[in-house]
Each structure stands twice: as C-alpha cells, then as structure tokens.
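Raw target.pdb, PDB, C-alpha atoms, pLDDT in the B column:
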ATOM      1  CA  MET N 110      22.924 110.562-283.774  1.00 96.00           C
ATOM      2  CA  THR N 111      26.009 110.319-286.008  1.00 97.00           C
ATOM      3  CA  GLY N 112      28.686 112.985-286.391  1.00 97.00           C
ATOM      4  CA  ILE N 113      27.215 113.967-289.757  1.00 97.00           C
ATOM      5  CA  GLU N 114      23.751 114.391-288.244  1.00 97.00           C
ATOM      6  CA  ALA N 115      25.185 116.377-285.315  1.00 97.00           C
ATOM      7  CA  LEU N 116      27.012 118.662-287.735  1.00 97.00           C
ATOM      8  CA  ALA N 117      23.852 119.244-289.794  1.00 96.00           C
ATOM      9  CA  ASP N 118      22.014 120.176-286.595  1.00 95.00           C
ATOM     10  CA  TRP N 119      24.822 122.536-285.521  1.00 95.00           C
ATOM     11  CA  ILE N 120      24.920 124.272-288.926  1.00 93.00           C
ATOM     12  CA  GLN N 121      21.169 124.773-288.792  1.00 91.00           C
ATOM     13  CA  ARG N 122      21.345 126.161-285.234  1.00 89.00           C
ATOM     14  CA  THR N 123      24.291 128.423-286.140  1.00 87.00           C
ATOM     15  CA  GLY N 124      22.467 129.955-289.079  1.00 79.00           C
ATOM     16  CA  ASP N 125      23.935 133.137-290.475  1.00 71.00           C
ATOM     17  CA  ARG N 126      25.173 134.649-287.223  1.00 71.00           C
ATOM     18  CA  ARG N 127      27.813 137.264-287.782  1.00 68.00           C
ATOM     19  CA  HIS N 128      29.985 136.270-284.821  1.00 69.00           C
ATOM     20  CA  MET N 129      32.172 133.205-284.457  1.00 73.00           C
ATOM     21  CA  THR N 130      30.426 130.239-282.918  1.00 87.00           C
ATOM     22  CA  ASN N 131      31.934 126.955-281.753  1.00 93.00           C
ATOM     23  CA  GLU N 132      30.868 123.719-280.134  1.00 95.00           C
ATOM     24  CA  TRP N 133      31.913 120.179-279.268  1.00 97.00           C
ATOM     25  CA  LEU N 134      29.603 117.773-281.087  1.00 97.00           C
ATOM     26  CA  TYR N 135      29.186 114.452-279.292  1.00 98.00           C
ATOM     27  CA  ALA N 136      27.813 111.683-281.492  1.00 98.00           C
ATOM     28  CA  SER N 137      27.560 107.900-281.483  1.00 97.00           C
ATOM     29  CA  ASP N 138      30.537 107.483-283.841  1.00 98.00           C
ATOM     30  CA  MET N 139      32.775 110.431-282.962  1.00 97.00           C
ATOM     31  CA  LYS N 140      33.235 113.660-281.112  1.00 97.00           C
ATOM     32  CA  VAL N 141      34.349 116.689-283.077  1.00 97.00           C
ATOM     33  CA  TYR N 142      35.062 120.319-282.221  1.00 97.00           C
ATOM     34  CA  VAL N 143      33.768 122.682-284.906  1.00 97.00           C
ATOM     35  CA  ARG N 144      33.580 126.417-285.311  1.00 94.00           C
ATOM     36  CA  ARG N 145      32.482 129.030-287.779  1.00 92.00           C
ATOM     37  CA  GLY N 146      35.735 130.876-288.282  1.00 89.00           C
ATOM     38  CA  PHE N 147      37.084 133.822-290.191  1.00 88.00           C
ATOM     39  CA  ARG N 148      40.381 133.501-292.069  1.00 89.00           C
ATOM     40  CA  PRO N 149      41.968 135.334-294.991  1.00 89.00           C
ATOM     41  CA  CYS N 150      40.778 132.490-297.263  1.00 87.00           C
ATOM     42  CA  GLY N 151      37.151 133.183-296.269  1.00 89.00           C
ATOM     43  CA  ILE N 152      34.442 132.288-293.769  1.00 91.00           C
ATOM     44  CA  CYS N 153      35.197 128.720-292.719  1.00 93.00           C
ATOM     45  CA  LEU N 154      33.695 125.627-291.285  1.00 95.00           C
ATOM     46  CA  ASP N 155      36.651 124.757-289.048  1.00 95.00           C
ATOM     47  CA  VAL N 156      37.191 121.198-287.887  1.00 96.00           C
ATOM     48  CA  ALA N 157      39.601 121.719-285.031  1.00 93.00           C
ATOM     49  CA  ALA N 158      39.650 118.419-283.115  1.00 93.00           C
ATOM     50  CA  VAL N 159      38.309 114.950-283.825  1.00 94.00           C
ATOM     51  CA  GLU N 160      38.090 111.662-281.994  1.00 94.00           C
ATOM     52  CA  VAL N 161      36.621 108.772-283.995  1.00 95.00           C
ATOM     53  CA  TYR N 162      35.582 105.911-281.739  1.00 96.00           C
ATOM     54  CA  ASP N 163      35.892 103.008-284.217  1.00 93.00           C
ATOM     55  CA  LYS N 164      38.949 103.863-286.331  1.00 88.00           C
ATOM     56  CA  GLY N 165      39.693 102.526-289.808  1.00 88.00           C
ATOM     57  CA  LYS N 166      36.073 102.352-290.997  1.00 93.00           C
ATOM     58  CA  GLY N 167      36.030 105.543-293.095  1.00 92.00           C
ATOM     59  CA  THR N 168      34.012 107.473-290.513  1.00 95.00           C
ATOM     60  CA  PHE N 169      36.110 110.638-290.703  1.00 93.00           C
ATOM     61  CA  THR N 170      36.382 110.489-294.508  1.00 92.00           C
ATOM     62  CA  LYS N 171      32.584 110.292-294.799  1.00 96.00           C
ATOM     63  CA  PHE N 172      32.232 113.073-292.229  1.00 97.00           C
ATOM     64  CA  LEU N 173      34.581 115.396-294.170  1.00 94.00           C
ATOM     65  CA  GLU N 174      32.839 114.715-297.476  1.00 95.00           C
ATOM     66  CA  ALA N 175      29.410 115.397-295.959  1.00 97.00           C
ATOM     67  CA  ALA N 176      30.708 118.453-294.087  1.00 97.00           C
ATOM     68  CA  HIS N 177      32.098 119.944-297.285  1.00 95.00           C
ATOM     69  CA  GLU N 178      28.781 119.365-299.085  1.00 95.00           C
ATOM     70  CA  MET N 179      26.599 120.887-296.356  1.00 95.00           C
ATOM     71  CA  ASN N 180      29.017 123.716-295.480  1.00 95.00           C
ATOM     72  CA  PRO N 181      27.096 126.968-296.065  1.00 93.00           C
ATOM     73  CA  TRP N 182      30.257 129.085-295.926  1.00 92.00           C
ATOM     74  CA  ASP N 183      33.235 129.679-298.253  1.00 92.00           C
ATOM     75  CA  VAL N 184      35.820 127.208-296.994  1.00 96.00           C
ATOM     76  CA  MET N 185      36.264 123.840-295.279  1.00 96.00           C
ATOM     77  CA  PHE N 186      39.214 124.131-292.869  1.00 96.00           C
ATOM     78  CA  CYS N 187      41.023 121.295-291.049  1.00 95.00           C
ATOM     79  CA  GLU N 188      43.098 122.800-288.280  1.00 93.00           C
ATOM     80  CA  CYS N 189      46.431 121.382-287.047  1.00 92.00           C
ATOM     81  CA  VAL N 190      46.221 117.916-288.600  1.00 91.00           C
ATOM     82  CA  GLN N 191      48.128 115.601-286.252  1.00 88.00           C
ATOM     83  CA  ASN N 192      47.756 112.405-288.307  1.00 85.00           C
ATOM     84  CA  ALA N 193      50.611 112.457-290.849  1.00 82.00           C
ATOM     85  CA  ARG N 194      48.770 110.009-293.157  1.00 86.00           C
ATOM     86  CA  LEU N 195      45.791 112.357-293.325  1.00 89.00           C
ATOM     87  CA  VAL N 196      47.776 115.252-294.843  1.00 91.00           C
ATOM     88  CA  PRO N 197      48.559 113.611-298.239  1.00 92.00           C
ATOM     89  CA  PHE N 198      45.039 112.140-298.288  1.00 92.00           C
ATOM     90  CA  LEU N 199      43.524 115.620-297.931  1.00 94.00           C
ATOM     91  CA  GLU N 200      45.913 117.072-300.511  1.00 95.00           C
ATOM     92  CA  LYS N 201      44.783 114.414-303.024  1.00 95.00           C
ATOM     93  CA  LYS N 202      41.209 115.549-302.339  1.00 94.00           C
ATOM     94  CA  GLY N 203      42.181 119.121-303.326  1.00 95.00           C
ATOM     95  CA  TYR N 204      42.924 120.610-299.910  1.00 95.00           C
ATOM     96  CA  ARG N 205      45.738 123.169-299.771  1.00 94.00           C
ATOM     97  CA  ARG N 206      48.114 123.877-296.941  1.00 93.00           C
ATOM     98  CA  TYR N 207      47.475 126.991-294.902  1.00 91.00           C
ATOM     99  CA  GLY N 208      50.627 128.517-293.468  1.00 82.00           C
ATOM    100  CA  GLU N 209      54.133 127.090-293.489  1.00 77.00           C
ATOM    101  CA  ASP N 210      54.886 124.082-295.728  1.00 76.00           C
ATOM    102  CA  ASP N 211      57.163 122.510-293.110  1.00 79.00           C
ATOM    103  CA  ASP N 212      54.657 122.723-290.243  1.00 80.00           C
ATOM    104  CA  PRO N 213      54.617 119.313-288.470  1.00 82.00           C
ATOM    105  CA  ALA N 214      50.855 119.678-287.846  1.00 87.00           C
ATOM    106  CA  PRO N 215      49.658 121.671-290.848  1.00 92.00           C
ATOM    107  CA  SER N 216      46.241 123.167-291.357  1.00 93.00           C
ATOM    108  CA  LEU N 217      44.580 122.533-294.709  1.00 93.00           C
ATOM    109  CA  TYR N 218      41.609 124.119-296.467  1.00 95.00           C
ATOM    110  CA  LEU N 219      39.285 123.481-299.405  1.00 96.00           C
ATOM    111  CA  LYS N 220      37.252 126.262-300.985  1.00 95.00           C
ATOM    112  CA  LYS N 221      33.667 125.688-302.093  1.00 88.00           C
ATOM    113  CA  GLY N 222      32.777 125.699-305.772  1.00 75.00           C
ATOM    114  CA  PRO N 223      34.895 125.198-308.883  1.00 63.00           C
TER     115      PRO N 223
END
Give the structure from this file in structure tokens form.
Amino acid sequence: MTGIEALADWIQRTGDRRHMTNEWLYASDMKVYVRRGFRPCGICLDVAAVEVYDKGKGTFTKFLEAAHEMNPWDVMFCECVQNARLVPFLEKKGYRRYGEDDDPAPSLYLKKGP
C-alpha cells in the first residue's frame, strides 16, 4: 500500500467525526503522521511529519497533490516544514504561511476551492 492509498483509507475511516483524529500511516513508500485538525483557517487535513524512504523521486509531491484533491475538509496544512527547499516549492503551489514570516520551520496551508 502506498502513502496515497493509506491516506485514502484513513480519510474514509475518519469520516465526518466531530473530534480531532490522528494516526501514523505506514506505507511501502513513506510513513506520514496525519490528523484532522481545527485551526482559524478552517478544518484541516494536517500533515505533521513525513519520512519518504526513497527520496528525490517525487513521492512527497505526488502525495501532497493527491492529498489536496481527496481532502474532504477546508484546508490542507503542512505543519513545521523542516526542509528549507520545500517552503518556496509549496509557496509556488499557492500555499500560504501560517504564523510568523521569519519562523525557521514554518507551517503552510492551502485552502480548497478557488
């Protein structure tokens, strides 16, 4: 099972529960910690920690694109981005910083819809 397939399964199992839910998803290509979170920008699919096993193959990029598409909630949220190269990449994709602009590990979000 890939990370994308594990996420789809988790979203389906989470359903429309009113409380926050979180889980480590262990897949053949990555492990990722996700949660359904609540922030001022909306109800979020939070990606809080990621480890891609075979780096440099676009695995995380494909995961984020698929996650945004299948996200049933208001916002896609990437928490505390440690990879400095990932921040400008996400900003080019339309993500906005959440919190302080000078945060060394910023969080970024992308709202659903236009």
Exercise for the section: Would you translate the PyMOL selection byres ((chain N and resi 180-195) around 7) into the concrete set of residues it matches in this file, as an MDAnalysis selection string? Expected result: chainID N and resid 151:157 176:179 196:199 214:221
Handout entry: Between CA of Thr123 in chain N and CA of Glu200 in chain N, distance in Å (one decimal)
Key = 28.3 Å
Practice task
Measure the distance from CA of Met139 in chain N to CA of Phe169 in chain N in Å and round it to one decimal.
Solution key: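 Between CA of Met139 in chain N and CA of Phe169 in chain N the gap works out to 8.4 Å.
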Problem - Pick from N:Gly112, N:Gly167, N:Gly222, N:Gly208, whichever lies nearest to Arg148 in chain N using all atoms listed in the file - result: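 Using all atoms listed in the file, Arg148 in chain N sits closest to N:Gly208.
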Handout entry: Selection result of the PyMOL selection byres ((chain N and resi 118) around 12) on this file, as a list in words
Key =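 Checked against the file, the PyMOL selection byres ((chain N and resi 118) around 12) matches Met110, Thr111, Gly112, Ile113, Glu114, Ala115, Leu116, Ala117, Trp119, Ile120, Gln121, Arg122, Thr123, Gly124, Glu132, Leu134, Tyr135, Ala136, Ala176, Met179 and Asn180 of chain N.
For the atom pair formed by CA of Cys150 in chain N and CA of Arg206 in chain N, the distance is 11.3 Å, given to one decimal.
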